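> Structure incoming, see below.
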2 protein chains.
Amino acid sequence: MSEVYAARRARLRERCEAGGSAAALVTGEANLRYLAADAPAGSALLVGPGQDLLVCTRDPFTDVAGGRPAEDLRVFVLPTPEGDPAVAAAERAAAAGAASLAVEEHHLTVARHRAVRSVAPRLRLDDLGTAVEQQRIVKDNEEISCLRIAAEIADQALGELLESILVGRTERHLALELERRLIDHGAEGTAFPTSVGTGPHSGLAGHTPTDRRVEEGDFLSVCLGADYRGYRSEIARTFVIGTSPADWQIELYEQVFAAQRAGREALAPGTAYRDVDRAARVVLEAAGHGERVGPRVGHGVGLENDEDPRLAPSAMGKLDACVPVAVDPGVHLPGRGGVRIDDTLVVRPEADGGPELLTITTKELLAL
Amino acid sequence: MSEVYAARRARLRERCEAGGSAAALVTGEANLRYLAADAPAGSALLVGPGQDLLVCTRDPFTDVAGGRPAEDLRVFVLPTPEGDPAVAAAERAAAAGAASLAVEEHHLTVARHRAVRSVAPRLRLDDLGTAVEQQRIVKDNEEISCLRIAAEIADQALGELLESILVGRTERHLALELERRLIDHGAEGTAFPTSVGTGPHSGLAGHTPTDRRVEEGDFLSVCLGADYRGYRSEIARTFVIGTSPADWQIELYEQVFAAQRAGREALAPGTAYRDVDRAARVVLEAAGHGERVGPRVGHGVGLENDEDPRLAPSAMGKLDACVPVAVDPGVHLPGRGGVRIDDTLVVRPEADGGPELLTITTKELLAL
């Protein structure tokens, strides 16, 4: 496994040198995991000059629950946990004779950046920008199989919930039960806070569960994901409670379903991000929900639940093969509720059968 | 309630003006909650000039689950959620004729700071530093009663767990059950990830629960806290599984208990932070555990689980009345396990009966 991380860091190093920086200082949490495997929270990774160095506030080899950093890394544990690994790493870079250091200005605070500058005044600090985030967009087979397992776990947790009695239970409890089942099925954690919305709360993006109880006739929308080895799946489904959905519920569900399908079907290597958004958005605009659609209809998934690319009207760029994304349009009608349907898929070429659906729970409108 | 927040902002405004800044830009999450009540995640608060302004990416009045910002605030919702509230707030400050703006350089990233500078080039950007964090150290009665309720909730959840069968269950499941019970008893969430450590994992600070199962003869240490209205309690207890603890377990427990009691008894207005650390630390040093004690034996609690003051050897400052703190020394013996005992207390003067204990679960060594 260690070679994978070394190869990733080698790519970053090339990118850095091409940009004129002698070394890179990585402090973004997911970026660290991508380049160094498991490092304690708050660690900093120095990529070049010389052998790469991981600086930590606690010893990763005595943290029984935590995983292990890539074997080929040098590891330096700060003598005092009050120290800043980024500062210590910059000191090492300067001591190693680096003339410049590219830092993640979108992760590093102004205060930490100043501290880095003060310990290495002769070191020119450049901006690494989102170089690592961009490198993370296309996943390898190992990463995709982690996402596949994460998606299976969420499908299992959701499937079990649907077999239980729902009426009378609160959003909070349903969310907790789903999270317990994710762990039961092997998740290391939740990919993000599980969202459960009932009745007027249904269909709201990122709705925080409340004490509202499930009632007959409600829409029930759930959004959950599993974290498996750091990779985070995402799935959302919407159901009707009771026997027969109302006409407005059937109509709204069909509209959102059609939009989500259009988004999924637009996924192909070479398709512009914004065209995927467009494909789903036009369906909901045609149904008169233009203003109710969120700012985007999907996003990348991986080590972060919500990462590049953004599938939004203003997004620049094109999809590649092996890019996992969530396609998650939804519509919420104030006071009445709404529908959200969300799948995790992997972009594949037509020749390979097109987009690979990882979240396989049915999307027909179930009455529970 | 609104007056409380207005008064807090008035104090910050005075502090700012004394520091020579015309206005303050607050972006730290807990600081926002302290000054503006409930604001959507990622909001920015402009304190002065003129009426205070809360800038959000989503409308706090349509977020059904979220609370409401303080009524006296002007609220501006960005037209596009991709916008940065801090940048928009800075634009408003400049438009309002402010010459200078104090920002939280320890929260704002270099990239956001640059964006703020670019939209308001004539605005001098100062550093607000930890002004709001310092203001938050001494709590009012409302805040303390929220912490009192949060502590009660955690006591109830822990008490129920102790009545259930523990042998054979995994750390992960015990942690999840505790979290479910916290919600059952009215917590809005967990104050921090619940830690459950068994056998060789017991006594580890911030141990992430694993699939290890509770066994006869184990030490079992749990650390949990409830979030009640944003205020986060903390409690840790250590138990023995089985009928009779081993001699080394009794000895280690008594040592940690004595250290924790010494720390609690040192809590008084006017006592230096470092002297509280010292009081607990000397007990464990005398027992030969000097190197096994963590970097500090306690810390403030409030809107963040871990906030100022730090009760550590290097900490500067003295305790005041109405400062809630967690006193949480622990010792872990590699390969064997350890003990952690943690209470949330409020510093009170001797005349008022001394430190007020909020977490009342027994600290005698229970064999479960």
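Going through the structure tokens in order, the chains are called A, B, and so on, while each chain numbers its residues from 1 and the ligands are numbered from 1 in the order shown.
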Excluding same-chain residues fewer than 2 positions from Arg122 (chain B), what lies within 8 Å of it counting only C-alpha atoms, as an mmCIF file with C-alpha atoms, in the first residue's frame?

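Writing done, so here's out_12.cif:
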data_model
loop_
_atom_site.group_PDB
_atom_site.id
_atom_site.type_symbol
_atom_site.label_atom_id
_atom_site.label_comp_id
_atom_site.auth_asym_id
_atom_site.auth_seq_id
_atom_site.Cartn_x
_atom_site.Cartn_y
_atom_site.Cartn_z
ATOM 1 C CA ALA B 94 -16.006 49.504 3.941
ATOM 2 C CA ALA B 99 -11.346 52.701 8.226
ATOM 3 C CA ALA B 120 -11.956 46.338 0.577
ATOM 4 C CA ARG B 124 -7.014 48.339 7.299
#
> When you look at Leu12 (chain A) with a cut-off of 8 Å (counting only C-alpha atoms), what residues show up, excluding the ones that are within fewer than 6 positions of it in the same chain? I need them as a ChimeraX atom specification.
/A:47,131-132
> Those same residues - all heavy atoms - I'd like them written as a compact mmCIF listing (two decimals), in the first residue's frame.

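Written output follows (out01.txt):
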# COMPACT_ATOMS: atom_id res chain seq x y z
N VAL A 47 6.28 17.60 1.87
CA VAL A 47 6.63 16.82 0.68
C VAL A 47 7.84 17.48 0.03
O VAL A 47 7.73 18.59 -0.51
CB VAL A 47 5.44 16.75 -0.30
CG1 VAL A 47 5.83 16.02 -1.57
CG2 VAL A 47 4.26 16.06 0.36
N ALA A 131 -4.14 22.04 -5.25
CA ALA A 131 -3.44 21.03 -6.06
C ALA A 131 -3.79 19.60 -5.60
O ALA A 131 -4.07 18.73 -6.43
CB ALA A 131 -1.93 21.26 -5.97
N VAL A 132 -3.79 19.38 -4.28
CA VAL A 132 -4.07 18.02 -3.81
C VAL A 132 -5.54 17.68 -4.03
O VAL A 132 -5.87 16.56 -4.47
CB VAL A 132 -3.69 17.88 -2.32
CG1 VAL A 132 -3.88 16.43 -1.86
CG2 VAL A 132 -2.24 18.31 -2.10
> List as a list in words the protein and nucleic acid residues near Glu179 (chain A), meaning an atom at most 9 Å away when only C-alpha atoms are counted, but skip any in the same chain fewer than 3 places from it.
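My reading of the contact set: Ala157, Leu174, Ala175, Leu176, Leu182, Ile183, Asp184, Gly189, Thr190, Pro193, Thr194, Leu224, Gly225 and Ala226 of chain A; Leu176 of chain B.
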> Any idea what the distance is between CA of His106 (chain A) and CA of Ala111 (chain B)?
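Distance between the two atoms: 5.0 Å.
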> Under the rule of at most 6 Å, produce a per-residue listing of chain B near chain A: chain, number, name, the closest pair of atoms, and the distance in Å, as CSV, using only C-alpha atoms.

residue,atom,partner,partner_atom,distance
B:Ala65,CA,A:Thr208,CA,5.6
B:Glu105,CA,A:Val110,CA,5.0
B:His106,CA,A:Ala111,CA,5.0
B:His107,CA,A:Thr109,CA,6.0
B:Leu108,CA,A:Thr109,CA,5.4
B:Thr109,CA,A:Thr109,CA,3.8
B:Val110,CA,A:Val110,CA,4.9
B:Ala111,CA,A:His106,CA,5.0
B:Thr208,CA,A:Ala65,CA,5.6
> Write the residues of the selection above to a file with N, CA and C atoms, as a tab-separated table (two decimals), in the first residue's frame.

chain	number	residue	atom	x	y	z
B	65	ALA	N	-34.88	23.46	11.28
B	65	ALA	CA	-34.25	22.81	12.43
B	65	ALA	C	-33.36	23.80	13.19
B	105	GLU	N	-7.77	36.28	12.97
B	105	GLU	CA	-6.71	35.69	12.15
B	105	GLU	C	-6.44	34.23	12.51
B	106	HIS	N	-6.90	33.80	13.66
B	106	HIS	CA	-6.71	32.39	14.03
B	106	HIS	C	-7.85	31.52	13.51
B	107	HIS	N	-8.88	32.15	12.93
B	107	HIS	CA	-9.97	31.37	12.30
B	107	HIS	C	-9.96	31.56	10.78
B	108	LEU	N	-9.66	32.76	10.34
B	108	LEU	CA	-9.73	33.07	8.91
B	108	LEU	C	-8.52	32.48	8.18
B	109	THR	N	-8.78	31.80	7.05
B	109	THR	CA	-7.65	31.26	6.29
B	109	THR	C	-6.97	32.38	5.51
B	110	VAL	N	-5.75	32.10	5.08
B	110	VAL	CA	-4.98	33.07	4.29
B	110	VAL	C	-5.77	33.44	3.03
B	111	ALA	N	-6.40	32.44	2.42
B	111	ALA	CA	-7.14	32.69	1.17
B	111	ALA	C	-8.33	33.61	1.41
B	208	THR	N	-10.52	6.47	20.34
B	208	THR	CA	-11.60	6.19	19.40
B	208	THR	C	-12.07	4.76	19.58
> Would you pick out the contacts of region 246-254 of chain A at 10 Å or less, using only C-alpha atoms, so that residues sharing its chain but fewer than 4 positions from it are not included, and give the list as a list in words?
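Listed by chain and then number, they are Gly217, Asp218, Phe219, Thr238, Phe239, Val240, Ala258, Ala259, Gln260, Leu284, Ala287, His289, Gly330, Val331, His332, Leu333, Arg336, Gly337, Gly338, Val339, Arg340, Ile341, Lys363, Glu364 and Leu365 of chain A.
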> So the first atom is CA of Asp84 (chain A) and the second is CA of Ala115 (chain A); what is the distance between them in Å, to one decimal place?
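So the two atoms, CA of Asp84 (chain A) and CA of Ala115 (chain A), lie 8.8 Å apart.
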